[in-house]
>>> print(open('work-v8.txt').read())   # compact mmCIF, C-alpha atoms and all ligand atoms
# COMPACT_ATOMS: atom_id res chain seq x y z
CA MET A 1 26.94 -0.37 -4.58
CA LEU A 2 23.92 1.93 -4.39
CA LYS A 3 24.16 4.36 -1.48
CA VAL A 4 21.00 4.76 0.61
CA GLY A 5 19.96 7.55 2.99
CA VAL A 6 16.88 7.23 5.19
CA PHE A 7 14.69 10.19 6.20
CA GLY A 8 12.67 9.32 9.30
CA VAL A 9 13.76 6.54 11.66
CA GLY A 10 10.57 6.16 13.69
CA HIS A 11 8.49 2.99 13.83
CA LEU A 12 8.60 2.02 10.15
CA GLY A 13 11.96 3.65 9.40
CA LYS A 14 13.68 1.11 11.67
CA PHE A 15 12.05 -1.78 9.77
CA HIS A 16 13.41 -0.21 6.60
CA LEU A 17 16.92 0.02 8.09
CA ASN A 18 16.80 -3.69 9.05
CA ASN A 19 15.77 -4.62 5.52
CA TRP A 20 18.17 -2.35 3.64
CA LYS A 21 20.94 -4.15 5.58
CA LEU A 22 19.83 -7.44 4.01
CA ILE A 23 20.25 -6.23 0.42
CA PRO A 24 23.78 -6.88 -0.86
CA GLU A 25 23.62 -4.29 -3.66
CA VAL A 26 23.15 -1.35 -1.28
CA GLU A 27 25.14 0.44 1.37
CA LEU A 28 23.44 2.48 4.13
CA VAL A 29 25.16 5.86 4.26
CA GLY A 30 23.22 7.63 6.99
CA PHE A 31 19.93 9.03 8.19
CA PHE A 32 18.21 12.32 8.99
CA ASP A 33 15.68 12.64 11.82
CA PRO A 34 15.08 15.72 13.99
CA ASN A 35 13.96 13.55 16.93
CA ASN A 36 17.00 13.19 19.21
CA ASP A 37 15.68 10.11 21.03
CA HIS A 38 15.04 8.22 17.78
CA ALA A 39 18.38 9.38 16.39
CA LYS A 40 20.38 8.30 19.45
CA GLU A 41 18.71 4.88 19.43
CA VAL A 42 19.56 4.37 15.75
CA GLU A 43 23.15 5.58 16.18
CA ALA A 44 23.61 3.15 19.08
CA THR A 45 21.83 0.14 17.55
CA TYR A 46 22.89 0.42 13.93
CA GLY A 47 26.11 2.44 14.20
CA LEU A 48 24.68 4.54 11.38
CA LYS A 49 25.82 8.13 10.79
CA ARG A 50 23.30 10.83 11.74
CA TYR A 51 23.33 13.72 9.29
CA MET A 52 22.30 17.14 10.60
CA ASP A 53 22.19 18.63 7.10
CA GLU A 54 19.45 17.18 4.85
CA ASP A 55 21.09 18.27 1.58
CA ALA A 56 24.45 16.76 2.58
CA LEU A 57 22.78 13.36 3.15
CA ILE A 58 20.95 13.54 -0.17
CA ALA A 59 24.14 14.57 -1.99
CA ALA A 60 25.98 11.54 -0.53
CA CYS A 61 23.35 9.02 -1.77
CA ASP A 62 21.91 7.38 -4.89
CA ILE A 63 18.62 6.40 -3.17
CA ILE A 64 16.59 8.43 -0.67
CA ASP A 65 14.11 6.48 1.45
CA VAL A 66 11.31 8.75 2.76
CA VAL A 67 9.73 7.36 5.95
CA THR A 68 8.72 10.68 7.52
CA PRO A 69 5.17 11.61 8.57
CA THR A 70 2.99 12.02 5.46
CA HIS A 71 2.93 15.84 5.34
CA LEU A 72 6.73 15.82 4.98
CA HIS A 73 6.90 13.31 2.10
CA PHE A 74 6.65 16.06 -0.52
CA PRO A 75 9.46 18.41 0.58
CA VAL A 76 11.92 15.52 0.99
CA CYS A 77 10.89 13.94 -2.35
CA GLU A 78 11.15 17.32 -4.08
CA THR A 79 14.70 18.03 -2.92
CA ALA A 80 15.87 14.47 -3.61
CA ILE A 81 14.35 14.24 -7.09
CA LYS A 82 15.68 17.69 -8.05
CA MET A 83 19.14 16.49 -6.99
CA GLY A 84 18.71 13.53 -9.39
CA LYS A 85 18.24 10.81 -6.76
CA HIS A 86 16.01 7.73 -6.90
CA VAL A 87 13.27 7.86 -4.27
CA PHE A 88 11.41 5.25 -2.27
CA VAL A 89 8.54 7.03 -0.50
CA GLU A 90 6.13 5.55 2.00
CA LYS A 91 2.40 5.55 1.35
CA PRO A 92 0.51 7.78 0.80
CA MET A 93 2.91 9.27 -1.77
CA ALA A 94 2.01 12.84 -0.74
CA ASN A 95 -0.59 14.85 1.11
CA THR A 96 -2.32 16.86 -1.61
CA ILE A 97 -3.28 16.33 -5.25
CA GLU A 98 -1.03 19.27 -6.25
CA GLU A 99 1.94 17.64 -4.50
CA GLY A 100 1.19 14.32 -6.19
CA LYS A 101 1.07 15.93 -9.64
CA ALA A 102 4.30 17.83 -8.95
CA ILE A 103 6.05 14.58 -7.96
CA MET A 104 4.92 12.88 -11.19
CA ASN A 105 6.26 15.79 -13.26
CA MET A 106 9.55 16.00 -11.38
CA VAL A 107 10.22 12.24 -11.69
CA LYS A 108 9.69 12.45 -15.45
CA GLU A 109 11.87 15.52 -15.81
CA ALA A 110 14.73 14.18 -13.67
CA ASN A 111 14.45 10.68 -15.22
CA VAL A 112 14.79 8.97 -11.84
CA LYS A 113 12.98 5.95 -10.38
CA LEU A 114 10.34 6.33 -7.71
CA GLN A 115 8.51 3.61 -5.83
CA VAL A 116 5.67 4.07 -3.33
CA GLY A 117 5.46 1.84 -0.24
CA HIS A 118 2.19 0.11 -1.11
CA VAL A 119 3.63 -2.94 0.56
CA GLU A 120 0.58 -5.22 0.19
CA ARG A 121 1.54 -5.67 -3.48
CA PHE A 122 4.42 -7.74 -2.10
CA ASN A 123 2.38 -9.66 0.49
CA PRO A 124 2.94 -13.38 -0.24
CA ALA A 125 -0.84 -13.97 0.02
CA TYR A 126 -1.28 -11.58 -2.93
CA THR A 127 1.78 -12.54 -4.99
CA ALA A 128 0.59 -16.19 -4.78
CA LEU A 129 -2.06 -15.16 -7.33
CA LYS A 130 0.41 -14.04 -9.99
CA ASN A 131 -0.56 -16.89 -12.37
CA ILE A 132 -4.31 -16.63 -11.74
CA THR A 133 -6.60 -14.66 -14.04
CA ILE A 134 -8.26 -11.98 -11.93
CA ASN A 135 -11.21 -10.12 -13.41
CA PRO A 136 -13.61 -9.39 -10.54
CA LEU A 137 -17.15 -8.09 -10.83
CA PHE A 138 -17.63 -7.58 -7.10
CA ILE A 139 -15.04 -6.95 -4.38
CA GLU A 140 -15.57 -6.95 -0.64
CA VAL A 141 -12.76 -5.53 1.53
CA HIS A 142 -12.25 -5.36 5.29
CA ARG A 143 -9.22 -3.75 6.90
CA LEU A 144 -9.75 -3.40 10.63
CA ALA A 145 -7.17 -2.41 13.23
CA GLN A 146 -7.05 -1.64 16.91
CA PHE A 147 -6.58 2.01 17.84
CA ASN A 148 -3.01 3.30 17.77
CA PRO A 149 -2.27 7.04 17.98
CA ARG A 150 0.56 6.57 15.42
CA GLY A 151 -0.75 7.44 11.99
CA THR A 152 -3.79 9.35 13.24
CA GLU A 153 -2.46 12.66 11.90
CA VAL A 154 -4.25 11.48 8.72
CA SER A 155 -7.72 9.92 8.28
CA VAL A 156 -8.30 6.14 8.18
CA ILE A 157 -8.60 6.54 4.40
CA PHE A 158 -4.96 7.69 4.07
CA ASP A 159 -3.76 5.56 6.96
CA LEU A 160 -5.29 2.14 6.11
CA MET A 161 -7.78 2.15 3.24
CA ILE A 162 -5.19 3.45 0.78
CA HIS A 163 -3.52 -0.01 0.83
CA ASP A 164 -6.74 -1.57 -0.47
CA ILE A 165 -7.43 1.27 -2.91
CA ASP A 166 -4.03 0.60 -4.50
CA ILE A 167 -4.62 -3.18 -4.67
CA ILE A 168 -8.06 -2.70 -6.20
CA LEU A 169 -6.82 -0.18 -8.78
CA SER A 170 -4.08 -2.63 -9.73
CA ILE A 171 -6.58 -5.51 -10.11
CA VAL A 172 -9.57 -3.88 -11.81
CA LYS A 173 -8.78 -3.15 -15.43
CA SER A 174 -11.06 -0.11 -15.62
CA THR A 175 -11.47 3.46 -14.41
CA VAL A 176 -13.57 4.79 -11.53
CA LYS A 177 -17.12 5.83 -12.49
CA ASN A 178 -18.62 6.75 -9.14
CA ILE A 179 -17.78 6.79 -5.45
CA SER A 180 -20.14 6.87 -2.48
CA ALA A 181 -18.78 7.00 1.03
CA SER A 182 -19.61 7.55 4.64
CA GLY A 183 -17.30 7.80 7.60
CA VAL A 184 -17.25 8.78 11.24
CA ALA A 185 -14.58 10.55 13.33
CA VAL A 186 -15.05 8.63 16.58
CA LEU A 187 -11.78 9.15 18.48
CA THR A 188 -9.84 11.64 16.37
CA ASP A 189 -10.88 14.67 14.34
CA THR A 190 -10.78 12.81 11.01
CA PRO A 191 -12.73 9.66 9.97
CA ASP A 192 -11.63 6.62 12.02
CA ILE A 193 -14.08 4.25 10.34
CA ALA A 194 -15.43 4.39 6.81
CA ASN A 195 -17.45 2.44 4.29
CA VAL A 196 -16.94 3.15 0.61
CA ARG A 197 -18.50 1.89 -2.60
CA ILE A 198 -16.44 2.34 -5.76
CA GLU A 199 -18.15 1.66 -9.10
CA PHE A 200 -15.94 1.11 -12.13
CA HIS A 201 -16.80 1.74 -15.77
CA ASN A 202 -16.54 -2.00 -16.55
CA GLY A 203 -19.35 -2.72 -14.05
CA CYS A 204 -17.16 -3.93 -11.19
CA VAL A 205 -18.20 -2.71 -7.73
CA ALA A 206 -15.85 -2.62 -4.73
CA ASN A 207 -17.19 -2.26 -1.22
CA LEU A 208 -14.49 -1.27 1.27
CA THR A 209 -14.67 -1.01 5.05
CA SER A 210 -11.72 0.35 7.03
CA SER A 211 -11.56 0.93 10.74
CA ARG A 212 -8.79 1.86 13.16
CA ILE A 213 -11.05 1.58 16.20
CA SER A 214 -11.81 -2.14 16.14
CA MET A 215 -11.24 -4.73 18.84
CA LYS A 216 -9.88 -7.28 16.37
CA LYS A 217 -7.57 -7.04 13.38
CA MET A 218 -8.61 -8.10 9.90
CA ARG A 219 -7.17 -7.53 6.43
CA LYS A 220 -9.19 -9.41 3.84
CA ILE A 221 -10.12 -8.92 0.22
CA ARG A 222 -12.76 -11.16 -1.34
CA LEU A 223 -13.04 -11.14 -5.13
CA PHE A 224 -16.05 -12.53 -6.97
CA GLN A 225 -15.77 -13.14 -10.68
CA LYS A 226 -17.45 -15.29 -13.32
CA ASP A 227 -17.23 -18.87 -12.04
CA ALA A 228 -14.85 -18.10 -9.16
CA TYR A 229 -14.34 -16.64 -5.70
CA ILE A 230 -10.86 -15.62 -4.54
CA GLY A 231 -10.21 -14.82 -0.90
CA ILE A 232 -6.97 -13.11 0.14
CA ASP A 233 -6.11 -12.85 3.82
CA PHE A 234 -3.25 -10.33 4.02
CA LEU A 235 -2.95 -10.73 7.79
CA GLU A 236 -3.03 -14.52 8.14
CA LYS A 237 -1.25 -14.85 4.79
CA ASN A 238 -3.48 -17.35 3.09
CA THR A 239 -5.35 -17.42 -0.17
CA GLU A 240 -8.29 -19.50 -1.27
CA ILE A 241 -9.77 -20.05 -4.71
CA ILE A 242 -13.22 -21.61 -4.96
CA LYS A 243 -14.47 -22.19 -8.47
CA LEU A 244 -16.36 -24.40 -10.85
CA LYS A 245 -14.12 -27.42 -11.42
CA LYS A 246 -12.89 -28.06 -14.94
CA PRO A 247 -13.11 -31.69 -16.12
CA ASP A 248 -9.31 -31.94 -16.58
CA GLU A 249 -8.53 -30.61 -13.07
CA GLU A 250 -7.27 -33.39 -10.81
CA ASP A 251 -5.53 -32.16 -7.68
CA ALA A 252 -8.14 -29.85 -6.23
CA PHE A 253 -10.46 -30.80 -3.36
CA SER A 254 -13.97 -30.81 -4.81
CA PHE A 255 -17.62 -31.47 -4.00
CA ASP A 256 -20.94 -31.41 -5.86
CA ILE A 257 -23.86 -29.07 -5.35
CA GLU A 258 -27.31 -29.27 -6.90
CA THR A 259 -28.59 -26.17 -8.68
CA HIS A 260 -31.61 -25.50 -10.91
CA GLN A 261 -29.11 -25.72 -13.78
CA GLY A 262 -28.02 -29.23 -12.74
CA THR A 263 -25.11 -30.60 -10.68
CA LYS A 264 -22.09 -28.35 -10.38
CA THR A 265 -18.70 -29.50 -9.14
CA ILE A 266 -16.93 -26.95 -6.99
CA SER A 267 -13.16 -27.05 -6.38
CA ILE A 268 -11.24 -25.45 -3.54
CA THR A 269 -7.53 -24.70 -3.86
CA ASN A 270 -5.08 -22.92 -1.61
CA PRO A 271 -2.09 -21.67 -3.62
CA VAL A 272 1.28 -22.24 -1.97
CA ILE A 273 2.20 -19.15 0.05
CA GLU A 274 5.93 -18.55 0.10
CA ASP A 275 7.51 -17.49 3.35
CA GLY A 276 8.23 -13.86 2.69
CA ASN A 277 9.00 -10.46 4.13
CA ALA A 278 7.02 -7.93 2.10
CA ILE A 279 9.14 -4.91 3.11
CA LEU A 280 12.33 -6.68 2.04
CA ALA A 281 10.63 -7.73 -1.21
CA GLU A 282 9.49 -4.18 -2.05
CA LEU A 283 12.92 -2.65 -1.34
CA LYS A 284 14.67 -5.40 -3.33
CA SER A 285 12.28 -4.88 -6.21
CA PHE A 286 13.08 -1.13 -6.18
CA VAL A 287 16.82 -1.83 -6.26
CA HIS A 288 16.30 -4.32 -9.12
CA ALA A 289 14.37 -1.67 -11.11
CA ILE A 290 17.23 0.82 -10.67
CA ILE A 291 20.01 -1.61 -11.54
CA HIS A 292 18.21 -3.03 -14.60
CA ASP A 293 16.56 0.24 -15.61
CA GLU A 294 13.09 -1.30 -15.43
CA PRO A 295 9.81 0.32 -14.30
CA THR A 296 9.15 0.15 -10.55
CA VAL A 297 6.29 -2.14 -9.46
CA VAL A 298 4.41 0.69 -7.71
CA ASN A 299 5.39 3.85 -9.55
CA GLU A 300 4.51 7.54 -9.07
CA ILE A 301 1.41 7.20 -11.27
CA ASP A 302 0.09 4.32 -9.12
CA GLY A 303 0.88 6.38 -6.01
CA PHE A 304 -0.99 9.35 -7.46
CA LEU A 305 -4.05 7.36 -8.58
CA ALA A 306 -4.45 5.85 -5.10
CA MET A 307 -4.14 9.34 -3.54
CA GLU A 308 -6.64 10.75 -6.00
CA VAL A 309 -9.28 8.14 -5.13
CA ALA A 310 -8.54 8.64 -1.42
CA HIS A 311 -9.16 12.39 -1.78
CA GLN A 312 -12.42 11.77 -3.67
CA ILE A 313 -13.55 9.48 -0.84
CA LEU A 314 -12.75 12.13 1.78
CA GLU A 315 -14.69 14.75 -0.19
CA LYS A 316 -17.73 12.43 -0.31
CA ILE A 317 -17.48 11.78 3.42
CA SER A 318 -17.20 15.46 4.25
CA LYS A 319 -20.22 16.26 2.02
CA SER A 320 -22.34 13.50 3.61
CA THR A 321 -21.27 14.61 7.12
CA SER A 322 -22.12 18.27 6.48
CA SER A 323 -25.51 17.35 5.03
CA ILE A 324 -26.26 15.23 8.14
CA ASN A 325 -25.15 18.13 10.37
CA GLN A 326 -27.50 20.44 8.51
CA GLY A 327 -30.31 17.98 9.15
CA ASN A 328 -30.86 17.11 5.45
P1 LIG A 401 6.72 7.59 13.16
O1 LIG A 401 6.07 8.80 13.75
O2 LIG A 401 6.97 6.42 14.03
O3 LIG A 401 8.10 8.00 12.50
C1 LIG A 401 8.29 9.15 11.73
C2 LIG A 401 9.72 9.64 11.96
O4 LIG A 401 9.97 10.74 11.07
C3 LIG A 401 9.95 10.16 13.39
O5 LIG A 401 11.12 9.58 13.93
C4 LIG A 401 10.10 11.66 13.20
O6 LIG A 401 10.97 12.26 14.15
C5 LIG A 401 10.73 11.70 11.81
N1 LIG A 401 10.67 13.01 11.17
C6 LIG A 401 9.86 14.07 11.45
N2 LIG A 401 10.19 15.11 10.64
C7 LIG A 401 11.20 14.70 9.86
C8 LIG A 401 11.96 15.32 8.83
N3 LIG A 401 11.74 16.59 8.45
N4 LIG A 401 12.95 14.61 8.24
C9 LIG A 401 13.20 13.34 8.62
N5 LIG A 401 12.51 12.70 9.57
C10 LIG A 401 11.53 13.37 10.19
O7 LIG A 401 5.80 7.20 11.91
P2 LIG A 401 5.79 5.81 11.11
O8 LIG A 401 4.71 4.96 11.63
O9 LIG A 401 7.18 5.28 11.03
O10 LIG A 401 5.27 6.32 9.68
C11 LIG A 401 6.12 6.98 8.77
C12 LIG A 401 5.52 6.90 7.37
O11 LIG A 401 5.37 5.55 7.01
C13 LIG A 401 4.14 7.53 7.22
O12 LIG A 401 4.06 8.15 5.98
C14 LIG A 401 3.19 6.36 7.25
O13 LIG A 401 2.03 6.57 6.48
C15 LIG A 401 4.03 5.28 6.62
N6 LIG A 401 3.66 3.93 7.07
C16 LIG A 401 3.46 2.97 6.14
C17 LIG A 401 3.12 1.69 6.52
C18 LIG A 401 2.93 0.63 5.48
O14 LIG A 401 2.29 -0.38 5.75
N7 LIG A 401 3.46 0.81 4.28
C19 LIG A 401 2.96 1.37 7.88
C20 LIG A 401 3.20 2.37 8.82
C21 LIG A 401 3.55 3.65 8.41
>>> encode(input="work-v8.txt", output="structure tokens")
Amino acid sequence: MLKVGVFGVGHLGKFHLNNWKLIPEVELVGFFDPNNDHAKEVEATYGLKRYMDEDALIAACDIIDVVTPTHLHFPVCETAIKMGKHVFVEKPMANTIEEGKAIMNMVKEANVKLQVGHVERFNPAYTALKNITINPLFIEVHRLAQFNPRGTEVSVIFDLMIHDIDIILSIVKSTVKNISASGVAVLTDTPDIANVRIEFHNGCVANLTSSRISMKKMRKIRLFQKDAYIGIDFLEKNTEIIKLKKPDEEDAFSFDIETHQGTKTISITNPVIEDGNAILAELKSFVHAIIHDEPTVVNEIDGFLAMEVAHQILEKISKSTSSINQGN
């Protein structure tokens, strides 16, 4: 049995508790949270021991689950890793580039496993594509949410867009060449809405829009590649592949269109989406990596690369905002 301790039992921490309870290979040992109301609720609902001493909880566990506000990810990760514990840390992995680099070094030195909570990697609408060749040339992303004060201690880039940054970096087999970005702080003092263009060295371009001040929710990625379009709806959990039909393809729905290059047959398929709970899947996958000594699906390097791009985006936004303010 792997012993788990949870740091932070707020909104997401409680979802984590529910899901840890569903994994037979782990035992929940206790939690640490300075908020007495949250702590009392968890003690009453889950019968879980509240630790008042952070080090004592870490010492009693094999896995530390970090679900604190973002600026506290680093200190908890640092203590846990230095005590030789495996760490699951929510996204974004840390607040600053220096913290991210330090986490990567500490994980290597302590030879522990770390996974970052980029949960969309486990969304059934995305995992349905595991047998499909993805090599996009153009990517269009929309992640829109209604305003919620929770999470607004960081910008929309770290709050929402980082999910898509991670997915895109995992899909595009290339490195970032250039980033342009603009964003506006409408309701908070950091950008609440942003549009970003990421150009990759292989020619792929990703255009991302994230907003936390929208009336409607949307979480869609559209991928365009040679001969195919792939649409992933992370919210509605469906996936669509529209492509030029191959002569030996039978099952797909298809229709003809006339082009200057002759008649083309287009097929539309919707891969089967398994019923799935992405948080349970990510935690299970972490436990599997520890037990079988395999790499984690979203490791500290992935967590760092997503943070690094997010920081570059914020720098671009702050430069474009200051040049507008100076009337340039
Ligand atoms: P929240 O404010 O609801 O909960 C945070 C909890 O951490 C609170 O109970 C707070 O009292 C507690 N806390 C504060 N200081 C602490 C400390 N030193 N040690 C332990 N606990 C402490 O926030 P949330 O929405 O649950 O978000 C928590 C983290 O999860 C954030 O990093 C956020 O980015 C991330 N998150 C990820 C997703 C996702 O889709 N993967 C979704 C929501 C939030």
>>> atom_distance(input="work-v8.txt", atom1="CA of Ile313 in chain A", atom2="CA of Ile157 in chain A")
7.8 Å
>>> residues_around(input="work-v8.txt", residues="Val156 in chain A", least_positions_apart="4", cutoff="8 Å", atoms="all atoms listed in the file", output="MDAnalysis selection string")
chainID A and resid 152 160:161 190:194 210:212
>>> closest_atom_pairs(input="work-v8.txt", of="chain A", to="ligand LIG 401 (chain A)", cutoff="9 Å", atoms="all atoms listed in the file", output="CSV")
residue,atom,partner,partner_atom,distance
A:Val6,CA,A:LIG401,C9,7.9
A:Phe7,CA,A:LIG401,C9,4.2
A:Gly8,CA,A:LIG401,N5,3.4
A:Val9,CA,A:LIG401,O5,4.6
A:Gly10,CA,A:LIG401,O3,3.3
A:His11,CA,A:LIG401,O2,3.8
A:Leu12,CA,A:LIG401,O9,3.7
A:Gly13,CA,A:LIG401,O9,5.3
A:Lys14,CA,A:LIG401,O9,7.7
A:Phe15,CA,A:LIG401,O9,8.7
A:Phe31,CA,A:LIG401,C9,8.0
A:Phe32,CA,A:LIG401,C9,5.1
A:Asp33,CA,A:LIG401,N5,3.9
A:Pro34,CA,A:LIG401,O6,5.4
A:Asn35,CA,A:LIG401,O6,4.3
A:Asn36,CA,A:LIG401,O6,7.9
A:Asp37,CA,A:LIG401,O5,8.5
A:His38,CA,A:LIG401,O5,5.7
A:Ala39,CA,A:LIG401,O5,7.7
A:Glu54,CA,A:LIG401,N4,7.8
A:Val66,CA,A:LIG401,C12,7.6
A:Val67,CA,A:LIG401,C12,4.5
A:Thr68,CA,A:LIG401,O4,3.8
A:Pro69,CA,A:LIG401,C13,4.4
A:Thr70,CA,A:LIG401,O12,4.0
A:His71,CA,A:LIG401,O12,7.8
A:Leu72,CA,A:LIG401,N3,6.1
A:His73,CA,A:LIG401,O12,7.1
A:Pro75,CA,A:LIG401,N3,8.4
A:Val76,CA,A:LIG401,N4,7.4
A:Val89,CA,A:LIG401,O12,8.0
A:Glu90,CA,A:LIG401,O11,5.1
A:Lys91,CA,A:LIG401,O13,5.2
A:Pro92,CA,A:LIG401,O13,6.0
A:Met93,CA,A:LIG401,O12,7.9
A:Ala94,CA,A:LIG401,O12,8.4
A:Val116,CA,A:LIG401,N7,8.6
A:Gly117,CA,A:LIG401,N7,5.0
A:His118,CA,A:LIG401,N7,5.6
A:Val119,CA,A:LIG401,N7,5.3
A:Glu120,CA,A:LIG401,O14,7.6
A:Arg150,CA,A:LIG401,O8,5.8
A:Gly151,CA,A:LIG401,O8,6.0
A:Val154,CA,A:LIG401,O13,8.3
A:Phe158,CA,A:LIG401,O13,7.5
A:Asp159,CA,A:LIG401,O13,5.9
A:Leu160,CA,A:LIG401,O14,8.0
A:His163,CA,A:LIG401,O14,7.6
A:Ile279,CA,A:LIG401,N7,8.1
>>> atom_distance(input="work-v8.txt", atom1="CA of Asn178 in chain A", atom2="CA of Leu314 in chain A")
13.5 Å
>>> closest_residue(input="work-v8.txt", among="A:Val29, A:Ile268, A:Val172, A:Val42", to="Thr133 in chain A", atoms="all atoms listed in the file")
A:Val172
>>> closest_residue(input="work-v8.txt", among="A:Glu153, A:Asp62, A:Glu199, A:Asp166", to="Ile179 in chain A", atoms="all atoms listed in the file")
A:Glu199
>>> residues_around(input="work-v8.txt", residues="Ile301 in chain A", least_positions_apart="2", cutoff="9 Å", atoms="all atoms listed in the file", output="list of chain:residue names")
A:Gly100, A:Lys101, A:Met104, A:Val298, A:Asn299, A:Gly303, A:Phe304, A:Leu305, A:Ala306
>>> closest_residue(input="work-v8.txt", among="A:Val272, A:Ala310, A:Ala228, A:Ile167", to="Pro136 in chain A", atoms="only C-alpha atoms")
A:Ala228
>>> build_atoms(input="work-v8.txt", residues="range 174-180 of chain A", atoms="all heavy atoms", output="mmCIF file, in the coordinates of the input")
data_model
loop_
_atom_site.group_PDB
_atom_site.id
_atom_site.type_symbol
_atom_site.label_atom_id
_atom_site.label_comp_id
_atom_site.auth_asym_id
_atom_site.auth_seq_id
_atom_site.Cartn_x
_atom_site.Cartn_y
_atom_site.Cartn_z
ATOM 1 N N SER A 174 -10.069 -1.100 -15.204
ATOM 2 C CA SER A 174 -11.060 -0.110 -15.620
ATOM 3 C C SER A 174 -10.837 1.165 -14.811
ATOM 4 O O SER A 174 -10.000 1.193 -13.898
ATOM 5 C CB SER A 174 -12.456 -0.670 -15.366
ATOM 6 O OG SER A 174 -13.438 0.228 -15.801
ATOM 7 N N THR A 175 -11.610 2.204 -15.145
ATOM 8 C CA THR A 175 -11.470 3.460 -14.410
ATOM 9 C C THR A 175 -12.687 3.685 -13.508
ATOM 10 O O THR A 175 -13.748 3.106 -13.725
ATOM 11 C CB THR A 175 -11.342 4.641 -15.400
ATOM 12 O OG1 THR A 175 -12.354 4.495 -16.381
ATOM 13 C CG2 THR A 175 -9.981 4.672 -16.057
ATOM 14 N N VAL A 176 -12.518 4.560 -12.521
ATOM 15 C CA VAL A 176 -13.570 4.790 -11.530
ATOM 16 C C VAL A 176 -14.697 5.619 -12.148
ATOM 17 O O VAL A 176 -14.465 6.650 -12.772
ATOM 18 C CB VAL A 176 -12.987 5.526 -10.302
ATOM 19 C CG1 VAL A 176 -14.095 5.934 -9.334
ATOM 20 C CG2 VAL A 176 -11.963 4.653 -9.601
ATOM 21 N N LYS A 177 -15.948 5.127 -11.950
ATOM 22 C CA LYS A 177 -17.120 5.830 -12.490
ATOM 23 C C LYS A 177 -17.793 6.653 -11.389
ATOM 24 O O LYS A 177 -18.188 7.789 -11.598
ATOM 25 C CB LYS A 177 -18.094 4.774 -13.015
ATOM 26 C CG LYS A 177 -19.332 5.318 -13.677
ATOM 27 C CD LYS A 177 -20.174 4.138 -14.169
ATOM 28 C CE LYS A 177 -21.568 4.576 -14.515
ATOM 29 N NZ LYS A 177 -22.448 3.418 -14.680
ATOM 30 N N ASN A 178 -17.907 6.050 -10.221
ATOM 31 C CA ASN A 178 -18.620 6.750 -9.140
ATOM 32 C C ASN A 178 -18.146 6.250 -7.776
ATOM 33 O O ASN A 178 -17.791 5.086 -7.628
ATOM 34 C CB ASN A 178 -20.127 6.513 -9.286
ATOM 35 C CG ASN A 178 -20.906 7.407 -8.365
ATOM 36 O OD1 ASN A 178 -20.597 8.585 -8.210
ATOM 37 N ND2 ASN A 178 -21.899 6.828 -7.696
ATOM 38 N N ILE A 179 -18.170 7.163 -6.813
ATOM 39 C CA ILE A 179 -17.780 6.790 -5.450
ATOM 40 C C ILE A 179 -18.866 7.260 -4.493
ATOM 41 O O ILE A 179 -19.321 8.405 -4.591
ATOM 42 C CB ILE A 179 -16.437 7.457 -5.055
ATOM 43 C CG1 ILE A 179 -15.290 6.858 -5.892
ATOM 44 C CG2 ILE A 179 -16.150 7.293 -3.561
ATOM 45 C CD1 ILE A 179 -13.943 7.508 -5.668
ATOM 46 N N SER A 180 -19.319 6.390 -3.588
ATOM 47 C CA SER A 180 -20.140 6.870 -2.480
ATOM 48 C C SER A 180 -19.448 6.440 -1.181
ATOM 49 O O SER A 180 -18.807 5.374 -1.146
ATOM 50 C CB SER A 180 -21.576 6.354 -2.511
ATOM 51 O OG SER A 180 -21.707 5.265 -3.355
#
